[in-house]
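The file my_file-v2.pdb comes next; it holds PDB, C-alpha atoms and all ligand atoms.
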```pdb
ATOM      1  CA  MET G   1       0.000   0.000   0.000  1.00  0.00           C
ATOM      2  CA  THR G   2       1.385   3.405  -0.945  1.00  0.00           C
ATOM      3  CA  THR G   3       1.240   6.555   1.146  1.00  0.00           C
ATOM      4  CA  HIS G   4      -1.357   7.897  -1.292  1.00  0.00           C
ATOM      5  CA  ASP G   5      -3.511   4.773  -0.778  1.00  0.00           C
ATOM      6  CA  THR G   6      -3.294   5.204   2.989  1.00  0.00           C
ATOM      7  CA  GLU G   7      -4.246   8.887   2.794  1.00  0.00           C
ATOM      8  CA  THR G   8      -7.173   8.104   0.498  1.00  0.00           C
ATOM      9  CA  GLN G   9      -8.349   5.334   2.821  1.00  0.00           C
ATOM     10  CA  HIS G  10      -8.262   7.724   5.796  1.00  0.00           C
ATOM     11  CA  ARG G  11     -10.497  10.154   3.940  1.00  0.00           C
ATOM     12  CA  THR G  12     -12.847   7.571   2.465  1.00  0.00           C
ATOM     13  CA  ARG G  13     -16.252   7.156   4.062  1.00  0.00           C
ATOM     14  CA  ARG G  14     -19.357   5.122   3.421  1.00  0.00           C
ATOM     15  CA  LEU G  15     -22.823   6.576   3.956  1.00  0.00           C
ATOM     16  CA  VAL G  16     -25.252   3.941   5.195  1.00  0.00           C
ATOM     17  CA  VAL G  17     -29.003   4.195   5.616  1.00  0.00           C
ATOM     18  CA  ASP G  18     -30.954   2.112   8.150  1.00  0.00           C
ATOM     19  CA  ARG G  19     -34.190   1.564   6.268  1.00  0.00           C
ATOM     20  CA  SER G  20     -35.930   0.256   9.394  1.00  0.00           C
ATOM     21  CA  ALA G  21     -35.310   3.577  11.192  1.00  0.00           C
ATOM     22  CA  CYS G  22     -35.978   5.873   8.216  1.00  0.00           C
ATOM     23  CA  ALA G  23     -39.284   7.765   8.214  1.00  0.00           C
ATOM     24  CA  GLY G  24     -38.985   8.795   4.559  1.00  0.00           C
ATOM     25  CA  HIS G  25     -39.656  12.482   5.038  1.00  0.00           C
ATOM     26  CA  GLY G  26     -36.798  13.487   2.761  1.00  0.00           C
ATOM     27  CA  LEU G  27     -34.706  15.947   4.739  1.00  0.00           C
ATOM     28  CA  CYS G  28     -31.477  14.184   3.780  1.00  0.00           C
ATOM     29  CA  TYR G  29     -31.849  14.155   0.001  1.00  0.00           C
ATOM     30  CA  SER G  30     -33.335  17.644   0.002  1.00  0.00           C
ATOM     31  CA  ARG G  31     -30.253  18.912   1.818  1.00  0.00           C
ATOM     32  CA  SER G  32     -27.559  16.763   0.182  1.00  0.00           C
ATOM     33  CA  PRO G  33     -28.782  15.521  -3.210  1.00  0.00           C
ATOM     34  CA  GLU G  34     -25.232  14.976  -4.416  1.00  0.00           C
ATOM     35  CA  VAL G  35     -24.877  12.007  -2.052  1.00  0.00           C
ATOM     36  CA  VAL G  36     -28.479  10.926  -1.363  1.00  0.00           C
ATOM     37  CA  ASP G  37     -31.215  10.436  -3.955  1.00  0.00           C
ATOM     38  CA  CYS G  38     -34.710   9.048  -3.392  1.00  0.00           C
ATOM     39  CA  ASP G  39     -36.721   6.155  -4.720  1.00  0.00           C
ATOM     40  CA  ASP G  40     -40.317   6.298  -6.002  1.00  0.00           C
ATOM     41  CA  SER G  41     -41.628   5.869  -2.459  1.00  0.00           C
ATOM     42  CA  GLY G  42     -39.626   8.803  -1.080  1.00  0.00           C
ATOM     43  CA  TYR G  43     -37.031   6.720   0.723  1.00  0.00           C
ATOM     44  CA  PRO G  44     -33.354   7.581   0.426  1.00  0.00           C
ATOM     45  CA  VAL G  45     -30.994   5.916  -2.012  1.00  0.00           C
ATOM     46  CA  ILE G  46     -27.275   6.340  -1.505  1.00  0.00           C
ATOM     47  CA  VAL G  47     -25.756   7.792  -4.694  1.00  0.00           C
ATOM     48  CA  GLU G  48     -22.209   6.443  -4.292  1.00  0.00           C
ATOM     49  CA  GLU G  49     -21.184   3.416  -2.276  1.00  0.00           C
ATOM     50  CA  VAL G  50     -17.847   4.922  -1.258  1.00  0.00           C
ATOM     51  CA  LEU G  51     -17.296   8.656  -0.759  1.00  0.00           C
ATOM     52  CA  GLU G  52     -13.816   9.996  -1.443  1.00  0.00           C
ATOM     53  CA  ARG G  53     -14.277  13.656  -2.353  1.00  0.00           C
ATOM     54  CA  THR G  54     -14.070  16.064   0.570  1.00  0.00           C
ATOM     55  CA  GLU G  55     -17.215  17.918  -0.498  1.00  0.00           C
ATOM     56  CA  HIS G  56     -19.187  14.674  -0.755  1.00  0.00           C
ATOM     57  CA  ILE G  57     -18.043  13.571   2.698  1.00  0.00           C
ATOM     58  CA  ALA G  58     -19.059  16.983   4.078  1.00  0.00           C
ATOM     59  CA  ALA G  59     -22.463  16.687   2.377  1.00  0.00           C
ATOM     60  CA  ALA G  60     -22.909  13.200   3.822  1.00  0.00           C
ATOM     61  CA  GLU G  61     -21.998  14.484   7.297  1.00  0.00           C
ATOM     62  CA  GLU G  62     -24.637  17.201   6.955  1.00  0.00           C
ATOM     63  CA  ALA G  63     -27.262  14.703   5.824  1.00  0.00           C
ATOM     64  CA  ALA G  64     -26.488  12.363   8.732  1.00  0.00           C
ATOM     65  CA  ALA G  65     -26.470  15.207  11.251  1.00  0.00           C
ATOM     66  CA  MET G  66     -29.863  16.517  10.201  1.00  0.00           C
ATOM     67  CA  CYS G  67     -31.650  13.167  10.111  1.00  0.00           C
ATOM     68  CA  PRO G  68     -34.084  13.282  13.053  1.00  0.00           C
ATOM     69  CA  GLU G  69     -34.411   9.496  13.063  1.00  0.00           C
ATOM     70  CA  ARG G  70     -30.629   8.885  13.201  1.00  0.00           C
ATOM     71  CA  ALA G  71     -31.106   6.610  10.209  1.00  0.00           C
ATOM     72  CA  LEU G  72     -27.949   7.764   8.405  1.00  0.00           C
ATOM     73  CA  THR G  73     -24.461   6.927   9.565  1.00  0.00           C
ATOM     74  CA  LEU G  74     -21.073   7.674   8.090  1.00  0.00           C
ATOM     75  CA  GLU G  75     -18.680   4.770   8.402  1.00  0.00           C
ATOM     76  CA  SER G  76     -15.065   4.132   7.567  1.00  0.00           C
ATOM     77  CA  PRO G  77     -14.994   1.328   5.000  1.00  0.00           C
TER      78      PRO G  77
HETATM   79  S1  LIG R 101     -33.702  12.430   6.863  1.00  0.00           S
HETATM   80 FE1  LIG R 101     -33.438  10.414   7.838  1.00  0.00          FE
HETATM   81  S2  LIG R 101     -35.520   9.677   8.236  1.00  0.00           S
HETATM   82 FE2  LIG R 101     -35.695  11.359   6.752  1.00  0.00          FE
HETATM   83  S3  LIG R 101     -35.666  10.365   4.711  1.00  0.00           S
HETATM   84 FE3  LIG R 101     -33.530  10.887   5.228  1.00  0.00          FE
HETATM   85  S4  LIG R 101     -32.692   9.034   6.227  1.00  0.00           S
HETATM   86 FE4  LIG R 101     -34.925   8.860   6.241  1.00  0.00          FE
END
```

Will you turn the file into structure tokens for me?
Ligand code: SF4
Amino acid sequence: MTTHDTETQHRTRRLVVDRSACAGHGLCYSRSPEVVDCDDSGYPVIVEEVLERTEHIAAAEEAAAMCPERALTLESP
């Protein structure tokens, strides 16, 4: 593994939705559509499995922070 790989891995995050906790009211994809889309029923769909870009990670953090159901979490892959 190169230094670059290690740095990228440190920055990489995965946004995960707990469908059983989600209420489907859409705050997350309204706020951060670049990382969360929605399905036909109004439930969130994660746009990218792995987030590497700083602005996408920041958008995912915002989405997770504003979810009143705590249904979104940002994990290290
Ligand atoms: S903000 Fe939370 S509860 Fe609402 S749709 Fe998004 S993940 Fe579901």

Using only C-alpha atoms, pick whichever of G:Ala59, G:Ala64, G:Leu74, G:Cys38 has the shortest atom-to-atom distance to His25 of chain G.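 The answer is G:Cys38, which sits nearest to His25 of chain G.
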
Shortest interatomic distance to Gly26 of chain G - which of G:Asp39, G:Pro44, G:Met66, G:Ile57, counting all atoms listed in the file: G:Pro44

Give the residues close to ligand LIG 101 (chain R), within 12 Å, counting all atoms listed in the file; write them as a ChimeraX atom specification. /G:15-33,35-39,41-46,60-74

Between atom CA of Leu51 of chain G and atom CA of Ser76 of chain G, what is the distance in Å, rounded to a tenth?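 These two atoms are separated by 9.7 Å.
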
Considering all atoms listed in the file, return as a PDB file with C-alpha atoms, in the frame of the given file whatever protein or nucleic-acid residues lie within 8 Å of Glu52 of chain G, sequence-local ones (same chain, fewer than 4 positions apart) excluded.
```pdb
ATOM      1  CA  THR G   8      -7.173   8.104   0.498  1.00  0.00           C
ATOM      2  CA  ARG G  11     -10.497  10.154   3.940  1.00  0.00           C
ATOM      3  CA  THR G  12     -12.847   7.571   2.465  1.00  0.00           C
ATOM      4  CA  ARG G  13     -16.252   7.156   4.062  1.00  0.00           C
ATOM      5  CA  HIS G  56     -19.187  14.674  -0.755  1.00  0.00           C
ATOM      6  CA  ILE G  57     -18.043  13.571   2.698  1.00  0.00           C
TER       7      ILE G  57
END
```
